[in-house]
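Source file: final_28.csv (CSV, C-alpha atoms)
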```csv
chain,number,residue,atom,x,y,z
A,17,MET,CA,0.0,0.0,0.0
A,18,GLU,CA,1.3,3.4,-0.9
A,19,PRO,CA,1.6,5.9,2.0
A,20,GLN,CA,-0.9,8.2,0.5
A,21,GLU,CA,-3.5,5.5,0.7
A,22,VAL,CA,-3.2,5.3,4.5
A,23,ALA,CA,-6.5,6.1,6.1
A,24,LEU,CA,-6.2,9.3,8.2
A,25,SER,CA,-9.3,9.0,10.2
A,26,MET,CA,-8.9,8.2,13.9
A,27,ASP,CA,-11.9,7.5,15.9
A,28,GLY,CA,-12.0,9.6,19.0
A,29,TYR,CA,-9.9,12.4,17.8
A,30,ALA,CA,-12.2,14.2,15.4
A,31,PRO,CA,-14.2,16.3,17.9
A,32,GLY,CA,-11.4,18.2,19.4
A,33,ARG,CA,-8.9,18.0,16.5
A,34,THR,CA,-7.3,21.1,15.2
A,35,GLY,CA,-5.7,21.6,11.8
A,36,GLU,CA,-2.4,21.3,13.5
A,37,LEU,CA,-3.1,17.9,14.9
A,38,ALA,CA,-4.5,16.7,11.6
A,39,ALA,CA,-1.3,18.0,9.8
A,40,PHE,CA,0.9,16.1,12.2
A,41,GLU,CA,-1.1,12.9,11.8
A,42,ARG,CA,-0.8,13.3,8.0
A,43,ILE,CA,3.0,13.5,8.4
A,44,VAL,CA,3.0,10.4,10.6
A,45,ALA,CA,0.8,8.5,8.0
A,46,LEU,CA,3.2,9.4,5.2
A,47,SER,CA,6.3,8.3,7.0
A,48,GLU,CA,5.3,5.6,9.3
A,49,ARG,CA,6.1,2.7,6.9
A,50,ARG,CA,9.6,3.9,6.4
A,51,VAL,CA,10.2,4.4,10.1
A,52,VAL,CA,8.7,1.0,11.0
A,53,GLY,CA,10.6,-0.7,8.2
A,54,VAL,CA,14.0,0.6,9.3
A,55,ALA,CA,13.2,-0.1,13.0
A,56,LEU,CA,12.2,-3.7,12.2
A,57,ARG,CA,15.4,-4.3,10.3
A,58,LEU,CA,17.7,-2.6,12.8
A,59,LEU,CA,16.1,-4.4,15.8
A,60,ASN,CA,14.6,-7.5,14.3
A,61,ASN,CA,12.0,-7.6,17.0
A,62,ARG,CA,8.4,-6.5,16.5
A,63,GLN,CA,7.8,-5.1,20.0
A,64,ASP,CA,11.1,-3.2,20.1
A,65,ALA,CA,10.4,-1.8,16.6
A,66,GLN,CA,7.0,-0.6,17.7
A,67,ASP,CA,8.4,1.1,20.7
A,68,ALA,CA,11.2,2.7,18.7
A,69,ALA,CA,8.8,4.0,16.0
A,70,GLN,CA,6.5,5.4,18.7
A,71,GLU,CA,9.4,7.2,20.3
A,72,VAL,CA,10.5,8.6,17.0
A,73,PHE,CA,7.1,10.1,16.3
A,74,LEU,CA,6.7,11.5,19.8
A,75,ARG,CA,10.0,13.2,19.3
A,76,LEU,CA,8.8,14.4,15.9
A,77,TYR,CA,5.8,16.0,17.6
A,78,LYS,CA,8.0,18.0,19.8
A,79,HIS,CA,10.2,19.2,16.8
A,80,TRP,CA,8.1,19.1,13.7
A,81,LYS,CA,7.1,22.8,13.7
A,82,ARG,CA,10.8,23.7,13.6
A,83,LEU,CA,11.6,21.4,10.7
A,84,ASP,CA,11.6,22.4,7.1
A,85,ALA,CA,9.4,19.4,6.2
A,86,ALA,CA,10.3,19.4,2.5
A,87,ARG,CA,14.0,19.4,3.1
A,88,GLU,CA,14.7,18.2,6.6
A,89,LEU,CA,12.0,15.7,7.5
A,90,ASP,CA,13.3,12.5,5.9
A,91,PRO,CA,16.9,12.8,7.1
A,92,TRP,CA,15.7,13.8,10.5
A,93,LEU,CA,13.4,10.8,10.7
A,94,TYR,CA,16.1,8.4,9.6
A,95,ARG,CA,18.7,9.9,12.0
A,96,VAL,CA,16.3,9.7,15.0
A,97,THR,CA,15.2,6.2,14.1
A,98,VAL,CA,18.8,5.0,13.9
A,99,ASN,CA,19.6,6.7,17.2
A,100,VAL,CA,16.4,5.4,19.0
A,101,CYS,CA,17.0,1.9,17.7
A,102,ARG,CA,20.6,2.0,18.8
A,103,ASP,CA,19.5,3.0,22.3
A,104,ILE,CA,16.9,0.3,22.5
A,105,ALA,CA,19.3,-2.3,21.2
A,106,ARG,CA,21.8,-1.4,23.8
A,107,LYS,CA,19.3,-1.6,26.6
A,108,ARG,CA,18.0,-4.9,25.3
A,109,CYS,CA,21.6,-6.3,25.2
A,110,SER,CA,20.6,-9.3,23.3
A,111,THR,CA,20.7,-10.5,19.7
A,112,VAL,CA,18.0,-11.7,17.4
A,113,ALA,CA,15.0,-13.4,18.9
A,114,MET,CA,14.2,-16.5,16.9
A,115,GLU,CA,10.4,-16.3,17.2
A,116,ASP,CA,10.5,-12.7,16.0
A,117,THR,CA,12.5,-13.5,12.9
A,118,ARG,CA,10.0,-16.2,12.1
A,119,GLU,CA,7.1,-13.8,12.5
A,120,LEU,CA,8.7,-11.3,10.2
A,121,SER,CA,9.5,-13.8,7.4
A,122,SER,CA,6.6,-16.2,7.5
A,123,ALA,CA,3.6,-14.2,6.5
A,124,GLY,CA,4.6,-12.9,3.0
A,125,PRO,CA,3.2,-14.8,0.1
A,126,ASP,CA,6.6,-15.0,-1.6
A,127,ALA,CA,8.1,-16.6,1.4
A,128,LEU,CA,5.4,-19.2,1.6
A,129,GLU,CA,6.0,-20.1,-2.1
A,130,SER,CA,9.5,-21.1,-1.4
A,131,ALA,CA,10.5,-22.6,1.9
A,132,GLU,CA,14.2,-22.2,1.0
A,133,ARG,CA,13.7,-18.5,0.2
A,134,ALA,CA,12.0,-18.0,3.5
A,135,GLN,CA,14.8,-19.7,5.3
A,136,ARG,CA,17.3,-17.7,3.5
A,137,LEU,CA,15.5,-14.5,4.3
A,138,GLU,CA,15.5,-15.5,7.9
A,139,MET,CA,19.2,-16.1,7.7
A,140,VAL,CA,19.9,-12.7,6.1
A,141,ARG,CA,17.9,-11.0,8.8
A,142,ARG,CA,19.7,-12.9,11.5
A,143,ALA,CA,22.9,-12.1,9.9
A,144,LEU,CA,21.9,-8.4,9.9
A,145,GLY,CA,21.5,-8.6,13.6
A,146,ARG,CA,25.1,-9.8,14.0
A,147,LEU,CA,26.6,-6.8,12.2
A,148,GLY,CA,27.9,-3.9,14.1
A,149,GLU,CA,25.6,-1.0,14.8
A,150,LYS,CA,27.1,1.3,12.2
A,151,GLU,CA,27.4,-1.4,9.5
A,152,ARG,CA,23.8,-2.5,10.1
A,153,ALA,CA,22.5,1.1,9.9
A,154,ALA,CA,24.6,1.8,6.8
A,155,VAL,CA,23.5,-1.3,4.9
A,156,VAL,CA,19.8,-0.8,5.8
A,157,LEU,CA,19.7,2.8,4.8
A,158,ARG,CA,21.6,2.1,1.5
A,159,ASP,CA,20.3,-1.3,0.4
A,160,VAL,CA,16.8,-1.3,1.9
A,161,GLU,CA,15.9,2.4,1.9
A,162,GLY,CA,17.8,3.1,-1.2
A,163,LEU,CA,19.5,6.3,0.1
A,164,SER,CA,22.7,7.5,-1.6
A,165,THR,CA,26.0,7.1,0.1
A,166,ARG,CA,26.1,10.8,0.8
A,167,GLU,CA,22.7,10.8,2.4
A,168,VAL,CA,23.7,7.8,4.6
A,169,ALA,CA,26.9,9.6,5.6
A,170,GLU,CA,25.0,12.7,6.6
A,171,ILE,CA,22.4,10.7,8.6
A,172,LEU,CA,25.1,8.6,10.4
A,173,GLY,CA,27.5,11.6,10.9
A,174,SER,CA,30.3,9.8,9.0
A,175,SER,CA,32.3,10.5,5.9
A,176,GLU,CA,31.2,8.9,2.5
A,177,ALA,CA,34.4,6.9,2.5
A,178,THR,CA,33.6,5.4,5.9
A,179,VAL,CA,30.1,4.6,4.8
A,180,ARG,CA,31.3,2.9,1.7
A,181,SER,CA,33.7,0.8,3.8
A,182,GLN,CA,30.9,-0.1,6.2
A,183,ILE,CA,28.6,-1.1,3.4
A,184,SER,CA,31.2,-3.2,1.7
A,185,THR,CA,32.1,-5.0,4.9
A,186,ALA,CA,28.4,-5.5,5.8
A,187,ARG,CA,27.6,-7.0,2.4
A,188,LEU,CA,30.5,-9.4,2.6
A,189,LYS,CA,29.6,-10.4,6.1
A,190,LEU,CA,26.0,-11.1,5.2
A,191,ARG,CA,27.2,-13.2,2.2
A,192,GLU,CA,29.6,-15.1,4.4
A,193,PHE,CA,26.9,-15.9,7.0
A,194,THR,CA,24.4,-17.1,4.5
A,195,GLY,CA,27.1,-18.9,2.5
A,196,ARG,CA,28.0,-20.9,5.6
A,197,TRP,CA,24.4,-21.7,6.2
A,198,LEU,CA,24.0,-22.9,2.6
A,199,ARG,CA,27.2,-25.0,2.7
A,200,GLY,CA,25.8,-26.5,6.0
A,201,LYS,CA,22.7,-27.6,4.2
A,202,THR,CA,24.4,-29.4,1.3
B,29,MET,CA,45.0,-8.9,-9.2
B,30,ASN,CA,43.5,-11.9,-7.3
B,31,CYS,CA,39.9,-12.4,-6.2
B,32,SER,CA,40.4,-11.6,-2.5
B,33,GLN,CA,41.9,-8.2,-3.4
B,34,LEU,CA,38.7,-7.5,-5.4
B,35,GLU,CA,36.2,-8.6,-2.8
B,36,ASN,CA,35.5,-5.2,-1.3
B,37,ASP,CA,35.2,-3.6,-4.7
B,38,LEU,CA,32.9,-6.4,-5.8
B,39,ALA,CA,30.7,-5.8,-2.8
B,40,LEU,CA,30.5,-2.1,-3.7
B,41,TYR,CA,29.9,-3.0,-7.3
B,42,ALA,CA,26.9,-5.1,-6.4
B,43,GLY,CA,25.1,-2.0,-5.0
B,44,GLY,CA,26.3,0.4,-7.7
B,45,ASP,CA,28.6,2.1,-5.3
B,46,LEU,CA,31.8,1.9,-7.4
B,47,SER,CA,33.2,4.6,-9.6
B,48,GLY,CA,33.4,4.1,-13.4
B,49,GLY,CA,37.0,3.2,-13.7
B,50,ARG,CA,37.0,0.6,-11.0
B,51,SER,CA,33.7,-0.8,-12.2
B,52,ALA,CA,35.3,-1.5,-15.6
B,53,ALA,CA,38.1,-3.3,-13.9
B,54,ILE,CA,35.7,-5.5,-12.0
B,55,GLU,CA,33.7,-6.3,-15.1
B,56,ALA,CA,36.9,-7.3,-16.9
B,57,HIS,CA,37.8,-9.6,-14.0
B,58,LEU,CA,34.3,-11.1,-13.8
B,59,GLU,CA,34.4,-12.3,-17.4
B,60,GLY,CA,37.1,-14.8,-16.6
B,61,CYS,CA,36.3,-15.6,-13.0
B,62,LEU,CA,33.4,-18.0,-12.1
B,63,GLU,CA,34.0,-17.7,-8.4
B,64,CYS,CA,33.6,-14.0,-8.4
B,65,ARG,CA,30.4,-14.3,-10.5
B,66,ILE,CA,29.0,-16.6,-7.9
B,67,LEU,CA,30.0,-14.1,-5.2
B,68,LEU,CA,28.3,-11.3,-7.1
B,69,ALA,CA,25.1,-13.4,-7.5
B,70,ASP,CA,25.0,-14.1,-3.8
B,71,LEU,CA,25.5,-10.4,-3.0
B,72,HIS,CA,22.6,-9.5,-5.4
B,73,ALA,CA,20.4,-12.1,-3.8
B,74,ASN,CA,21.1,-10.9,-0.3
B,75,ARG,CA,20.3,-7.3,-1.3
B,76,ALA,CA,17.0,-8.4,-2.8
B,77,LEU,CA,16.1,-10.4,0.4
B,78,LEU,CA,16.9,-7.4,2.6
B,79,ARG,CA,14.7,-5.2,0.5
B,80,SER,CA,11.7,-7.7,0.6
B,81,ARG,CA,9.0,-6.5,2.9
B,82,ASP,CA,6.1,-8.2,4.6
B,83,GLU,CA,3.7,-5.5,3.5
B,84,ASP,CA,0.7,-6.6,5.6
B,85,ALA,CA,2.7,-7.1,8.8
B,86,GLU,CA,4.5,-3.8,8.4
B,87,ALA,CA,1.2,-1.9,7.6
B,88,ALA,CA,-0.5,-3.4,10.7
B,89,LEU,CA,2.5,-2.5,12.8
B,90,ALA,CA,2.6,1.1,11.4
B,91,ALA,CA,-1.1,1.6,12.0
B,92,GLU,CA,-0.7,0.5,15.6
B,93,VAL,CA,2.2,2.8,16.1
B,94,ARG,CA,0.2,5.7,14.6
B,95,HIS,CA,-2.8,5.0,16.9
B,96,ARG,CA,-0.5,4.9,20.0
B,97,VAL,CA,1.2,8.1,18.9
B,98,MET,CA,-2.0,10.0,18.3
B,99,GLU,CA,-3.4,8.8,21.5
B,100,SER,CA,-0.4,10.0,23.4
B,101,VAL,CA,-0.4,13.3,21.6
B,102,GLY,CA,-4.1,13.8,22.2
B,103,ARG,CA,-3.6,13.3,25.9
B,104,THR,CA,-0.7,15.8,25.9
B,105,ARG,CA,-2.8,18.4,24.1
B,106,ALA,CA,-5.8,17.8,26.4
B,107,SER,CA,-3.7,18.2,29.4
B,108,ALA,CA,-2.1,21.4,28.0
B,109,ALA,CA,-5.5,22.8,27.1
B,110,GLY,CA,-6.9,22.1,30.6
B,111,LEU,CA,-4.0,24.1,32.2
B,112,GLY,CA,-4.4,26.9,29.7
B,113,THR,CA,-8.1,27.7,30.0
B,114,ARG,CA,-8.4,28.6,33.6
B,115,PRO,CA,-6.2,31.7,33.8
B,116,THR,CA,-7.5,33.3,30.6
B,117,PHE,CA,-10.2,35.4,32.2
B,118,GLY,CA,-8.0,36.7,35.0
B,119,TRP,CA,-5.2,37.3,32.6
B,120,ARG,CA,-7.2,39.7,30.5
B,121,TRP,CA,-8.6,41.6,33.5
B,122,GLY,CA,-5.2,41.8,35.0
B,123,LEU,CA,-3.7,43.2,31.9
B,124,ALA,CA,-6.5,45.8,31.7
B,125,LEU,CA,-5.9,46.8,35.3
B,126,ALA,CA,-2.2,47.0,34.7
B,127,ALA,CA,-2.7,49.1,31.7
B,128,GLY,CA,-4.9,51.5,33.7
B,129,LEU,CA,-2.4,51.7,36.4
B,130,VAL,CA,0.5,52.4,34.0
B,131,LEU,CA,-1.6,55.1,32.3
B,132,ALA,CA,-2.3,56.6,35.7
B,133,GLY,CA,1.3,56.5,36.6
B,134,ILE,CA,2.3,58.3,33.4
B,135,LEU,CA,-0.2,61.0,33.9
B,136,ILE,CA,0.8,61.8,37.5
B,137,TRP,CA,4.5,61.2,37.2
B,138,PRO,CA,6.2,64.5,38.5
B,139,SER,CA,7.6,66.5,35.7
B,140,GLY,CA,9.5,69.8,35.4
B,141,LYS,CA,6.4,71.7,34.5
B,142,LYS,CA,4.1,72.2,37.3
B,143,ALA,CA,1.2,73.3,35.2
B,144,PRO,CA,-1.8,71.2,36.3
B,145,VAL,CA,-3.4,68.9,33.8
B,146,LYS,CA,-6.8,70.4,33.1
B,147,VAL,CA,-9.0,67.5,33.5
B,148,ALA,CA,-11.8,68.1,35.9
B,149,ARG,CA,-14.3,65.6,37.3
B,150,ASP,CA,-17.0,67.5,35.4
B,151,ALA,CA,-15.1,66.8,32.2
B,152,ALA,CA,-16.3,63.3,32.1
B,153,PRO,CA,-19.0,62.6,29.5
B,154,ALA,CA,-22.5,63.1,30.7
B,155,SER,CA,-23.4,59.5,29.8
B,156,VAL,CA,-20.5,58.2,31.9
B,157,ALA,CA,-21.0,60.6,34.8
B,158,SER,CA,-24.6,59.4,35.1
B,159,ASN,CA,-23.4,55.9,35.7
B,160,ILE,CA,-21.4,56.7,38.8
B,161,PRO,CA,-23.0,55.3,41.8
B,162,ALA,CA,-22.2,55.7,45.4
B,163,ALA,CA,-22.8,52.1,46.2
B,164,VAL,CA,-19.4,50.6,46.0
B,165,THR,CA,-16.2,52.3,47.0
B,166,ALA,CA,-12.7,50.8,47.0
B,167,ARG,CA,-9.2,52.2,47.4
B,168,VAL,CA,-6.2,51.1,45.4
B,169,HIS,CA,-2.8,52.3,46.5
B,170,HIS,CA,-0.2,53.0,43.9
B,171,ARG,CA,3.2,54.4,44.4
B,172,ALA,CA,2.4,58.0,43.7
B,173,ALA,CA,-1.3,57.9,43.4
B,174,ARG,CA,-4.1,57.2,45.7
B,175,THR,CA,-7.0,55.9,43.8
B,176,LYS,CA,-10.7,55.7,44.5
B,177,VAL,CA,-12.7,53.3,42.6
B,178,HIS,CA,-16.4,53.7,42.1
B,179,ALA,CA,-18.3,50.9,40.5
B,180,GLY,CA,-21.5,51.4,38.7
B,181,THR,CA,-24.8,49.6,39.5
B,182,ARG,CA,-26.6,47.8,36.8
B,183,LYS,CA,-29.7,49.2,35.2
B,184,PRO,CA,-32.6,46.9,34.4
B,185,ALA,CA,-31.6,47.1,30.8
B,186,PRO,CA,-30.8,43.7,29.2
B,187,GLN,CA,-27.2,44.6,28.3
B,188,PRO,CA,-24.9,45.2,31.3
B,189,GLU,CA,-23.6,48.7,31.6
B,190,PRO,CA,-20.0,49.4,31.4
B,191,LEU,CA,-18.0,49.6,34.6
B,192,LEU,CA,-16.7,53.1,35.3
B,193,VAL,CA,-13.6,53.4,37.3
B,194,GLN,CA,-12.6,56.8,38.6
B,195,PHE,CA,-9.0,57.4,39.6
B,196,VAL,CA,-8.5,60.3,42.0
B,197,THR,CA,-4.9,61.3,42.2
B,198,ASP,CA,-3.0,63.4,44.7
B,199,ASN,CA,-3.4,66.3,42.3
B,200,PRO,CA,-6.9,67.5,42.7
B,201,ASN,CA,-6.8,68.7,39.1
B,202,VAL,CA,-6.3,65.2,37.7
B,203,VAL,CA,-9.1,62.8,37.6
B,204,ILE,CA,-8.9,59.7,35.4
B,205,TYR,CA,-11.9,57.8,34.2
B,206,TRP,CA,-11.6,54.2,33.0
B,207,ILE,CA,-14.6,52.6,31.3
B,208,VAL,CA,-14.6,48.8,31.1
B,209,ASP,CA,-17.1,46.7,29.2
B,210,ARG,CA,-18.5,44.0,31.3
B,211,LYS,CA,-19.7,40.5,30.3
B,212,PRO,CA,-23.4,39.7,31.0
B,213,GLN,CA,-23.9,37.9,34.3
B,214,GLY,CA,-25.2,34.4,34.3
B,215,ASP,CA,-28.0,35.0,36.8
```

Structure rendered as structure tokens:
Amino acid sequence: MEPQEVALSMDGYAPGRTGELAAFERIVALSERRVVGVALRLLNNRQDAQDAAQEVFLRLYKHWKRLDAARELDPWLYRVTVNVCRDIARKRCSTVAMEDTRELSSAGPDALESAERAQRLEMVRRALGRLGEKERAAVVLRDVEGLSTREVAEILGSSEATVRSQISTARLKLREFTGRWLRGKT
Amino acid sequence: MNCSQLENDLALYAGGDLSGGRSAAIEAHLEGCLECRILLADLHANRALLRSRDEDAEAALAAEVRHRVMESVGRTRASAAGLGTRPTFGWRWGLALAAGLVLAGILIWPSGKKAPVKVARDAAPASVASNIPAAVTARVHHRAARTKVHAGTRKPAPQPEPLLVQFVTDNPNVVIYWIVDRKPQGD
């Protein structure tokens, strides 16, 4: 579903709603899928991703009037999402939860069509959880969100050369992890 | 150049992150190296898997997040509004009173010229003077001015009459009238 198709009505809010609140909700509706998607991949845990996304949008509510939405909103959201996920991951102090990975990868129709593909998807996401914080954030922003190296560097506060190195290392580590798993199967 | 030396460039090449010259070198190497072509295929496959989304699950999670966020924001706004409504009435009257006192202070402030300001009690408009009752009398002390306040009584007319406040200063030649519109009483 495209973000624009997200229903904006919220029962219980209409009577006292102002234009300001409706505008904020519109921004949330347009960006919630990106924030949730990044949080899911960085944390690989549904509950943690939900908590992270909620925290991101509550922070946005405090700051959104000061943001130039056309220019600053997306980088701001990505940056805060990465930071909030990092904080939650550090508090959690654990790696990937198996049941959560299954939950993420089991429901898609493509995954059901191919058991091996579903397993491989699970392995890739587990491997993602084993990467370092910066490598994981860099590869998610570049390969999943499709941001440019320069944009990723700005969001992570690094140089482009550093980000390229992190992305390269992350891709090779992911391949190594899944390759080991595939070799173990044969 | 052997394959291990090219691994990092190959990983960048897989995502289109390599410059033109180095890309050409990788492509030349790939033509004659099956192992690197397999590595590149694995890198492409992993990128595709990373990008795949469980649309329904993510949409449901996003909707839940939005509901919780808006609920929290709604509570915050309701709380802020509850705190903000109470002082509004007093704030306006306080501002009006402060403005009157400042005006009085400006008018009675001692200046080099001793010429009295020629504003007599009789100078008040007839309509205003007729509203001055003797029912309520109050005194307000201000640094240089002693002020008497006379409040008007209401006539039986449906609209409340304006409140007339008379400031009597130490200078008998200076009398200040302040007319304030009043809101209708609920009774």

Specify as number ranges by chain all residues of chain A found within 8 Å of chain B, counting all atoms listed in the file. A: 17, 26, 29, 41, 44-45, 48-49, 52-53, 66-67, 69-70, 73-74, 77, 120-121, 123-124, 137, 140-141, 156, 159-161, 165, 180, 183-185, 187-188, 190-191

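Proximity of B:Glu189, B:Thr104, B:Cys31, B:Ala52 to Leu37 in chain A, computed with only C-alpha atoms, is greatest for B:Thr104.
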
Take CA of Leu131 in chain B and CA of Ile207 in chain B and report the distance between them in Å, one decimal.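 So the two atoms, CA of Leu131 in chain B and CA of Ile207 in chain B, lie 13.3 Å apart.
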
Would you pick out the contacts of Lys150 in chain A at 10 Å or less, using only C-alpha atoms, so that residues sharing its chain but fewer than 3 positions from it are not included, and give the list as a PyMOL selection string? chain A and resi 98+102+147+153-156+172+174+178-179+182-183+186

Write out, as a short mmCIF file (atom, residue, chain, number, x, y, z; two decimals), in the frame of the given file, the residues just selected, with C-alpha atoms.
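out37.cif written:
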```cif
data_model
loop_
_atom_site.label_atom_id
_atom_site.label_comp_id
_atom_site.auth_asym_id
_atom_site.auth_seq_id
_atom_site.Cartn_x
_atom_site.Cartn_y
_atom_site.Cartn_z
CA VAL A 98 18.80 5.00 13.90
CA ARG A 102 20.60 2.00 18.80
CA LEU A 147 26.60 -6.80 12.20
CA ALA A 153 22.50 1.10 9.90
CA ALA A 154 24.60 1.80 6.80
CA VAL A 155 23.50 -1.30 4.90
CA VAL A 156 19.80 -0.80 5.80
CA LEU A 172 25.10 8.60 10.40
CA SER A 174 30.30 9.80 9.00
CA THR A 178 33.60 5.40 5.90
CA VAL A 179 30.10 4.60 4.80
CA GLN A 182 30.90 -0.10 6.20
CA ILE A 183 28.60 -1.10 3.40
CA ALA A 186 28.40 -5.50 5.80
#
```

Within 10 Å of (20.1, -7.5, 17.4), only C-alpha atoms: residues as a PyMOL selection string? chain A and resi 57-61+101-102+104-106+108-113+141-149+152

Dump of C-alpha atoms for the selected residues, as a PDB file, in the coordinates of the input:
```pdb
ATOM      1  CA  ARG A  57      15.400  -4.300  10.300  1.00  0.00           C
ATOM      2  CA  LEU A  58      17.700  -2.600  12.800  1.00  0.00           C
ATOM      3  CA  LEU A  59      16.100  -4.400  15.800  1.00  0.00           C
ATOM      4  CA  ASN A  60      14.600  -7.500  14.300  1.00  0.00           C
ATOM      5  CA  ASN A  61      12.000  -7.600  17.000  1.00  0.00           C
ATOM      6  CA  CYS A 101      17.000   1.900  17.700  1.00  0.00           C
ATOM      7  CA  ARG A 102      20.600   2.000  18.800  1.00  0.00           C
ATOM      8  CA  ILE A 104      16.900   0.300  22.500  1.00  0.00           C
ATOM      9  CA  ALA A 105      19.300  -2.300  21.200  1.00  0.00           C
ATOM     10  CA  ARG A 106      21.800  -1.400  23.800  1.00  0.00           C
ATOM     11  CA  ARG A 108      18.000  -4.900  25.300  1.00  0.00           C
ATOM     12  CA  CYS A 109      21.600  -6.300  25.200  1.00  0.00           C
ATOM     13  CA  SER A 110      20.600  -9.300  23.300  1.00  0.00           C
ATOM     14  CA  THR A 111      20.700 -10.500  19.700  1.00  0.00           C
ATOM     15  CA  VAL A 112      18.000 -11.700  17.400  1.00  0.00           C
ATOM     16  CA  ALA A 113      15.000 -13.400  18.900  1.00  0.00           C
ATOM     17  CA  ARG A 141      17.900 -11.000   8.800  1.00  0.00           C
ATOM     18  CA  ARG A 142      19.700 -12.900  11.500  1.00  0.00           C
ATOM     19  CA  ALA A 143      22.900 -12.100   9.900  1.00  0.00           C
ATOM     20  CA  LEU A 144      21.900  -8.400   9.900  1.00  0.00           C
ATOM     21  CA  GLY A 145      21.500  -8.600  13.600  1.00  0.00           C
ATOM     22  CA  ARG A 146      25.100  -9.800  14.000  1.00  0.00           C
ATOM     23  CA  LEU A 147      26.600  -6.800  12.200  1.00  0.00           C
ATOM     24  CA  GLY A 148      27.900  -3.900  14.100  1.00  0.00           C
ATOM     25  CA  GLU A 149      25.600  -1.000  14.800  1.00  0.00           C
ATOM     26  CA  ARG A 152      23.800  -2.500  10.100  1.00  0.00           C
TER      27      ARG A 152
END
```

As an exercise, work out the distance from CA of Ala65 in chain A to CA of Leu157 in chain A in Å and give it to one decimal place. 15.7 Å

CA of Leu163 in chain A and CA of Pro91 in chain A, how far apart in Å?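 Separating CA of Pro91 in chain A from CA of Leu163 in chain A is a distance of 9.9 Å.
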